[in-house]
$ cat my_file_15.txt   # compact mmCIF, C-alpha atoms and all ligand atoms
# COMPACT_ATOMS: atom_id res chain seq x y z
CA MET W 3 13.78 -15.39 9.08
CA HIS W 4 17.07 -14.07 7.68
CA THR W 5 18.77 -10.82 8.56
CA SER W 6 18.29 -9.14 5.15
CA PRO W 7 15.82 -6.23 5.13
CA THR W 8 12.13 -7.09 5.33
CA VAL W 9 9.20 -5.51 3.53
CA LEU W 10 5.52 -6.19 4.25
CA ILE W 11 3.10 -5.50 1.39
CA THR W 12 -0.71 -5.52 1.48
CA GLY W 13 -2.69 -6.51 -1.61
CA ALA W 14 0.39 -8.31 -2.94
CA ASN W 15 -1.39 -10.73 -5.28
CA ARG W 16 -1.83 -8.51 -8.34
CA GLY W 17 -1.24 -5.08 -9.84
CA ILE W 18 1.11 -2.71 -8.04
CA GLY W 19 1.34 -4.95 -4.96
CA LEU W 20 2.59 -7.87 -7.04
CA GLY W 21 5.02 -5.49 -8.78
CA PHE W 22 6.48 -4.45 -5.42
CA THR W 23 6.73 -8.11 -4.39
CA LEU W 24 8.66 -9.09 -7.53
CA ALA W 25 10.98 -6.10 -7.32
CA TYR W 26 11.86 -6.56 -3.64
CA LEU W 27 12.40 -10.31 -4.10
CA ALA W 28 14.81 -9.55 -6.96
CA ARG W 29 16.65 -7.19 -4.62
CA GLY W 30 17.15 -9.88 -2.01
CA TYR W 31 14.62 -8.65 0.57
CA GLN W 32 12.57 -10.87 2.83
CA VAL W 33 9.04 -10.22 1.54
CA ILE W 34 5.93 -10.74 3.63
CA ALA W 35 3.39 -10.73 0.81
CA THR W 36 -0.14 -10.50 2.16
CA CYS W 37 -3.42 -10.85 0.33
CA ARG W 38 -7.06 -11.76 0.91
CA HIS W 39 -6.99 -15.21 -0.72
CA PRO W 40 -3.47 -16.72 -0.72
CA GLN W 41 -4.67 -20.04 -2.12
CA GLN W 42 -6.01 -18.30 -5.22
CA ALA W 43 -2.93 -16.10 -5.66
CA MET W 44 -1.42 -18.00 -8.60
CA GLU W 45 1.61 -15.75 -9.22
CA LEU W 46 2.55 -15.62 -5.55
CA ASN W 47 2.23 -19.38 -5.20
CA HIS W 48 4.54 -19.90 -8.18
CA LEU W 49 7.03 -17.48 -6.67
CA THR W 50 7.14 -19.32 -3.35
CA ALA W 51 8.82 -22.24 -5.14
CA GLU W 52 11.51 -19.99 -6.62
CA TYR W 53 12.02 -17.82 -3.52
CA LYS W 54 11.51 -20.43 -0.78
CA THR W 55 13.55 -18.67 1.88
CA GLN W 56 12.62 -15.09 0.92
CA LEU W 57 8.89 -15.05 0.26
CA HIS W 58 6.36 -15.43 3.06
CA LEU W 59 2.79 -15.58 1.84
CA ASP W 60 0.09 -14.74 4.38
CA LYS W 61 -3.63 -14.13 4.47
CA LEU W 62 -4.51 -10.55 5.32
CA ASP W 63 -7.80 -8.91 4.47
CA VAL W 64 -7.18 -5.39 5.76
CA THR W 65 -10.82 -5.11 6.82
CA VAL W 66 -10.68 -8.21 9.06
CA GLU W 67 -9.33 -7.60 12.57
CA ASN W 68 -8.73 -11.33 13.24
CA ASP W 69 -6.32 -11.50 10.31
CA PHE W 70 -4.20 -8.79 11.95
CA ALA W 71 -4.31 -10.54 15.31
CA ARG W 72 -2.98 -13.76 13.78
CA LEU W 73 -0.16 -12.05 11.90
CA LYS W 74 0.83 -10.01 14.95
CA VAL W 75 1.44 -13.26 16.82
CA LYS W 76 3.19 -14.93 13.89
CA TYR W 77 5.60 -12.01 13.33
CA ALA W 78 5.88 -10.80 16.94
CA ASP W 79 9.69 -10.71 16.93
CA GLN W 80 10.22 -9.85 13.27
CA PRO W 81 11.78 -6.47 12.41
CA ILE W 82 10.02 -4.88 9.42
CA ASP W 83 11.99 -2.22 7.53
CA ILE W 84 9.34 -1.18 5.02
CA LEU W 85 5.55 -1.38 5.27
CA ILE W 86 3.65 -0.74 2.05
CA ASN W 87 -0.03 0.05 2.47
CA ASN W 88 -1.01 -0.84 -1.08
CA ALA W 89 -4.34 -2.71 -0.78
CA GLY W 90 -7.07 -0.57 -2.24
CA VAL W 91 -10.44 -0.48 -3.92
CA PHE W 92 -12.11 1.91 -6.33
CA PRO W 93 -15.69 0.89 -5.61
CA GLU W 94 -17.60 3.32 -7.85
CA ASP W 95 -19.49 1.62 -10.68
CA HIS W 96 -18.00 4.00 -13.18
CA GLU W 97 -15.29 6.60 -12.75
CA ARG W 98 -17.56 9.57 -13.25
CA ALA W 99 -20.28 8.55 -10.79
CA GLY W 100 -21.63 11.72 -9.18
CA ILE W 101 -23.20 11.96 -5.72
CA ALA W 102 -26.55 10.58 -6.89
CA HIS W 103 -24.83 7.38 -7.97
CA THR W 104 -22.67 6.98 -4.86
CA ARG W 105 -23.98 4.15 -2.75
CA TYR W 106 -23.46 3.91 1.00
CA GLN W 107 -21.82 0.49 0.68
CA GLN W 108 -19.30 1.84 -1.84
CA LEU W 109 -18.40 4.63 0.54
CA ILE W 110 -17.99 2.19 3.45
CA SER W 111 -15.94 -0.19 1.31
CA ALA W 112 -13.53 2.56 0.25
CA LEU W 113 -13.18 4.01 3.74
CA THR W 114 -12.68 0.66 5.47
CA THR W 115 -10.18 -0.70 2.94
CA ASN W 116 -8.24 2.36 1.77
CA ALA W 117 -8.13 4.32 5.02
CA ALA W 118 -9.09 2.19 8.05
CA GLY W 119 -7.25 -0.83 6.62
CA ALA W 120 -4.06 1.18 6.38
CA LEU W 121 -4.47 2.45 9.95
CA LEU W 122 -4.97 -1.10 11.28
CA THR W 123 -1.88 -2.24 9.35
CA ILE W 124 0.28 0.49 10.88
CA GLN W 125 -1.18 -0.16 14.33
CA SER W 126 -0.47 -3.89 14.02
CA PHE W 127 3.13 -3.60 12.82
CA GLN W 128 4.36 -0.42 14.51
CA GLN W 129 6.43 -2.42 17.00
CA ASN W 130 8.05 -4.42 14.18
CA LEU W 131 9.01 -1.19 12.42
CA LEU W 132 10.43 0.30 15.62
CA ARG W 133 12.95 -2.57 15.75
CA CYS W 134 14.69 -1.13 12.64
CA GLU W 135 17.11 1.76 12.26
CA THR W 136 15.39 3.57 9.37
CA PRO W 137 11.87 2.16 9.08
CA LYS W 138 9.53 3.43 6.38
CA ILE W 139 5.77 3.38 5.85
CA ILE W 140 4.58 3.95 2.30
CA ASN W 141 0.90 4.76 1.98
CA ILE W 142 -0.06 4.34 -1.68
CA SER W 143 -2.18 7.38 -2.35
CA SER W 144 -3.51 9.10 -5.46
CA GLN W 145 -3.84 12.43 -7.18
CA MET W 146 -7.56 11.93 -6.54
CA ALA W 147 -6.86 12.46 -2.82
CA ALA W 148 -5.82 16.06 -3.44
CA LEU W 149 -8.39 18.61 -2.25
CA HIS W 150 -7.53 21.04 -5.05
CA HIS W 151 -8.07 18.22 -7.58
CA ALA W 152 -11.69 17.61 -6.46
CA LYS W 153 -14.10 16.96 -9.30
CA GLY W 154 -17.79 16.13 -8.94
CA PHE W 155 -17.31 12.37 -9.09
CA ALA W 156 -15.56 9.39 -7.45
CA TYR W 157 -16.61 10.57 -3.97
CA ALA W 158 -15.91 7.27 -2.21
CA TYR W 159 -12.41 6.82 -3.62
CA ARG W 160 -11.42 10.48 -3.21
CA MET W 161 -12.70 10.70 0.37
CA SER W 162 -10.92 7.48 1.34
CA LYS W 163 -7.58 8.54 -0.13
CA ALA W 164 -7.87 12.00 1.47
CA ALA W 165 -8.40 10.15 4.78
CA LEU W 166 -5.34 8.01 4.03
CA ASN W 167 -3.32 11.20 3.54
CA MET W 168 -4.48 12.44 6.93
CA LEU W 169 -3.27 9.14 8.38
CA THR W 170 0.15 9.87 6.85
CA CYS W 171 0.27 13.33 8.42
CA SER W 172 -1.04 12.23 11.80
CA PHE W 173 1.27 9.25 12.17
CA ALA W 174 4.30 11.20 10.93
CA ALA W 175 3.53 13.76 13.64
CA GLU W 176 3.10 11.08 16.32
CA ASN W 177 6.08 8.90 15.51
CA LYS W 178 9.30 10.65 14.55
CA HIS W 179 11.35 7.47 14.19
CA ILE W 180 9.33 5.94 11.35
CA ILE W 181 9.45 7.78 8.01
CA THR W 182 5.84 7.89 6.82
CA ILE W 183 4.83 9.20 3.41
CA SER W 184 1.93 9.20 0.97
CA LEU W 185 3.18 8.20 -2.47
CA ARG W 186 1.44 8.46 -5.84
CA PRO W 187 2.25 5.57 -8.19
CA GLY W 188 1.14 7.49 -11.31
CA TRP W 189 -1.59 6.28 -13.63
CA VAL W 190 -0.66 2.62 -13.86
CA LYS W 191 -1.86 -0.17 -16.17
CA THR W 192 -3.59 -2.47 -13.66
CA ALA W 193 -7.18 -3.67 -13.18
CA MET W 194 -7.81 -0.40 -11.32
CA GLY W 195 -5.87 1.92 -13.62
CA GLY W 196 -7.20 0.32 -16.83
CA SER W 197 -5.49 -0.31 -20.14
CA HIS W 198 -5.44 3.39 -21.09
CA ALA W 199 -3.16 4.24 -18.17
CA ASN W 200 0.14 5.76 -19.21
CA ILE W 201 2.76 3.71 -17.34
CA SER W 202 3.44 0.04 -16.75
CA VAL W 203 3.58 -1.53 -13.32
CA GLU W 204 7.35 -2.06 -13.75
CA GLU W 205 7.97 1.61 -14.58
CA SER W 206 5.90 2.80 -11.64
CA ILE W 207 7.60 0.37 -9.26
CA ASN W 208 11.11 1.34 -10.41
CA LYS W 209 10.35 4.99 -9.80
CA MET W 210 8.73 4.37 -6.42
CA ILE W 211 11.53 2.10 -5.18
CA THR W 212 14.12 4.72 -6.12
CA ILE W 213 12.18 7.18 -3.98
CA ILE W 214 11.72 4.74 -1.10
CA ASP W 215 15.46 3.94 -1.11
CA GLY W 216 16.37 7.62 -0.77
CA LEU W 217 13.87 8.64 1.92
CA THR W 218 15.21 10.49 4.95
CA ARG W 219 13.44 11.69 8.11
CA ASP W 220 12.96 15.11 6.45
CA ASP W 221 10.61 13.44 3.97
CA SER W 222 8.28 12.14 6.68
CA GLY W 223 4.77 13.56 6.51
CA THR W 224 4.99 14.45 2.81
CA PHE W 225 2.83 13.60 -0.21
CA LEU W 226 5.05 12.72 -3.18
CA ASP W 227 4.49 11.81 -6.82
CA ASN W 228 6.59 9.17 -8.54
CA ASP W 229 9.23 11.78 -9.52
CA LYS W 230 9.51 12.80 -5.85
CA ASN W 231 7.79 16.14 -6.47
CA HIS W 232 5.87 17.41 -3.45
CA CYS W 233 2.12 17.34 -4.10
CA ALA W 234 -0.42 19.72 -2.63
CA TRP W 235 -2.74 17.96 -0.18
N1 LIG P 1 -3.51 1.89 -10.91
C1 LIG P 1 -3.48 3.21 -10.76
O1 LIG P 1 -3.45 3.96 -11.73
C2 LIG P 1 -3.43 3.79 -9.37
C3 LIG P 1 -3.32 5.19 -9.27
C4 LIG P 1 -3.25 5.76 -7.99
C5 LIG P 1 -3.28 4.95 -6.88
N2 LIG P 1 -3.41 3.60 -7.01
C6 LIG P 1 -3.44 2.80 -5.78
O2 LIG P 1 -2.50 1.74 -5.87
C7 LIG P 1 -2.92 0.65 -5.04
C8 LIG P 1 -2.89 -0.63 -5.85
O3 LIG P 1 -3.78 -0.49 -6.93
P1 LIG P 1 -3.72 -1.35 -8.27
O4 LIG P 1 -3.75 -0.40 -9.40
O5 LIG P 1 -2.64 -2.36 -8.19
O6 LIG P 1 -5.17 -2.03 -8.19
P2 LIG P 1 -5.68 -3.50 -8.42
O7 LIG P 1 -4.96 -4.14 -9.53
O8 LIG P 1 -7.16 -3.37 -8.47
O9 LIG P 1 -5.24 -4.26 -7.05
C9 LIG P 1 -5.82 -3.93 -5.83
C10 LIG P 1 -5.23 -4.83 -4.78
O10 LIG P 1 -5.79 -4.49 -3.51
C11 LIG P 1 -6.27 -5.70 -2.93
N3 LIG P 1 -7.34 -5.49 -1.97
C12 LIG P 1 -8.55 -4.93 -2.15
N4 LIG P 1 -9.26 -4.98 -1.01
C13 LIG P 1 -8.48 -5.59 -0.09
C14 LIG P 1 -8.65 -5.94 1.27
N5 LIG P 1 -9.79 -5.69 1.94
N6 LIG P 1 -7.63 -6.55 1.92
C15 LIG P 1 -6.46 -6.82 1.27
N7 LIG P 1 -6.26 -6.54 -0.02
C16 LIG P 1 -7.27 -5.92 -0.69
C17 LIG P 1 -6.72 -6.53 -4.11
O11 LIG P 1 -6.89 -7.89 -3.70
P3 LIG P 1 -7.97 -8.89 -4.40
O12 LIG P 1 -7.27 -9.49 -5.58
O13 LIG P 1 -8.28 -9.87 -3.32
O14 LIG P 1 -9.15 -8.06 -4.81
C18 LIG P 1 -5.55 -6.32 -5.04
O15 LIG P 1 -4.45 -7.10 -4.64
C19 LIG P 1 -4.32 1.02 -4.54
O16 LIG P 1 -4.23 1.54 -3.24
C20 LIG P 1 -4.76 2.11 -5.51
O17 LIG P 1 -5.72 2.98 -4.95
C21 LIG P 1 -3.49 3.00 -8.22
$ encode --input "my_file_15.txt" --output "structure tokens"
Amino acid sequence: MHTSPTVLITGANRGIGLGFTLAYLARGYQVIATCRHPQQAMELNHLTAEYKTQLHLDKLDVTVENDFARLKVKYADQPIDILINNAGVFPEDHERAGIAHTRYQQLISALTTNAAGALLTIQSFQQNLLRCETPKIINISSQMAALHHAKGFAYAYRMSKAALNMLTCSFAAENKHIITISLRPGWVKTAMGGSHANISVEESINKMITIIDGLTRDDSGTFLDNDKNHCAW
């Protein structure tokens, strides 16, 4: 690969992940765009024609350990400047599902994808990040992770994003070289955010990339909204 900066994005085939992919390609980055089903990722496949030397499309289901093993080998010597843990699920049947409507499988799905998946991603690419001068890990979190924001619904999603925030704090404490943050995209018009959300993917991405660009080691271990305000855990 080339010597321009490299970003690895999970869940890159649609929504916020696709937005990050488009924005970093436009900025000249090498983009390792990962998703569960690359052959079905229409937008990413179209982009590979336009960005032949910049876009690297790979299969990564963040709940499948073998997928990580394969990518670790493929990218063994590749420095990665920015890792974006974006892949996520909101498995509740409806947003206001209380505890009686929370199914075990929904809880497991949220925890394995949103929290464990992010841990496995960091674990797999830590060495690639350590090859860079100012590496950054961006864990895409949510206001729904905040303990003070707890409401009596969306248990699976809230618990998983709170766990993701703990991953941010723990890894920031363990590794002082890599800047690790939890970042809130805002309420974004995607399949997950719905059509009533108040910002577009482009607006959210522009704000988040401005923040990512300006991160310093003092920011590591923080939970930020898309205006770079510090959020309560
Ligand atoms: N939209 C909002 O308002 C909002 C607000 C706060 C936080 N967020 C967070 O932002 C992130 C992106 O959300 P979005 O709004 O773009 O949602 P989205 O449109 O539903 O996209 C979710 C993405 O995650 C991928 N994904 C799900 N499970 C995966 C797995 N096991 N392995 C790899 N990829 C997987 C999906 O892939 P498939 O196409 O294969 O399903 C898809 O690419 C999520 O972490 C979400 O929690 C969103």
$ residues_near_ligand --input "my_file_15.txt" --ligand "ligand LIG 1 (chain P)" --cutoff "7 Å" --atoms "all atoms listed in the file" --output "number ranges by chain"
W: 12-19, 37-39, 62-65, 88-92, 115-116, 142-145, 186-195, 199
$ closest_residue --input "my_file_15.txt" --among "W:Leu59, W:Leu24, W:Leu73, W:Leu185" --to "Asn87 (chain W)" --atoms "only C-alpha atoms"
W:Leu185
$ atom_distance --input "my_file_15.txt" --atom1 "CA of Ala152 (chain W)" --atom2 "CA of Thr104 (chain W)"
15.4 Å
$ residues_near_point --input "my_file_15.txt" --point "(14.0, -12.9, -1.0)" --cutoff "12 Å" --atoms "all atoms listed in the file" --output "short mmCIF file (atom, residue, chain, number, x, y, z; two decimals) with C-alpha atoms, in the coordinates of the input"
data_model
loop_
_atom_site.label_atom_id
_atom_site.label_comp_id
_atom_site.auth_asym_id
_atom_site.auth_seq_id
_atom_site.Cartn_x
_atom_site.Cartn_y
_atom_site.Cartn_z
CA MET W 3 13.78 -15.39 9.08
CA HIS W 4 17.07 -14.07 7.68
CA THR W 5 18.77 -10.82 8.56
CA SER W 6 18.29 -9.14 5.15
CA PRO W 7 15.82 -6.23 5.13
CA THR W 8 12.13 -7.09 5.33
CA VAL W 9 9.20 -5.51 3.53
CA THR W 23 6.73 -8.11 -4.39
CA LEU W 24 8.66 -9.09 -7.53
CA ALA W 25 10.98 -6.10 -7.32
CA TYR W 26 11.86 -6.56 -3.64
CA LEU W 27 12.40 -10.31 -4.10
CA ALA W 28 14.81 -9.55 -6.96
CA ARG W 29 16.65 -7.19 -4.62
CA GLY W 30 17.15 -9.88 -2.01
CA TYR W 31 14.62 -8.65 0.57
CA GLN W 32 12.57 -10.87 2.83
CA VAL W 33 9.04 -10.22 1.54
CA ILE W 34 5.93 -10.74 3.63
CA ALA W 35 3.39 -10.73 0.81
CA LEU W 49 7.03 -17.48 -6.67
CA THR W 50 7.14 -19.32 -3.35
CA ALA W 51 8.82 -22.24 -5.14
CA GLU W 52 11.51 -19.99 -6.62
CA TYR W 53 12.02 -17.82 -3.52
CA LYS W 54 11.51 -20.43 -0.78
CA THR W 55 13.55 -18.67 1.88
CA GLN W 56 12.62 -15.09 0.92
CA LEU W 57 8.89 -15.05 0.26
CA HIS W 58 6.36 -15.43 3.06
CA LEU W 59 2.79 -15.58 1.84
#
$ atom_distance --input "my_file_15.txt" --atom1 "CA of Met44 (chain W)" --atom2 "CA of Tyr77 (chain W)"
23.8 Å
$ atom_distance --input "my_file_15.txt" --atom1 "CA of Ala174 (chain W)" --atom2 "CA of Trp235 (chain W)"
14.8 Å
$ axis_aligned_box --input "my_file_15.txt" --around "region 220-224 of chain W" --padding-each-side "3 Å" --output "JSON"
{"center_x": 8.9, "center_y": 13.6, "center_z": 4.7, "size_x": 14.2, "size_y": 9.0, "size_z": 9.9}
$ residues_around --input "my_file_15.txt" --residues "His96 (chain W)" --least-positions-apart "6" --cutoff "12 Å" --atoms "all atoms listed in the file" --output "PyMOL selection string"
chain W and resi 103-104+108+155-159+194+196
$ residues_around --input "my_file_15.txt" --residues "Leu132 (chain W)" --least-positions-apart "6" --cutoff "12 Å" --atoms "only C-alpha atoms" --output "number ranges by chain"
W: 79-85, 124-126, 138-139, 177-181
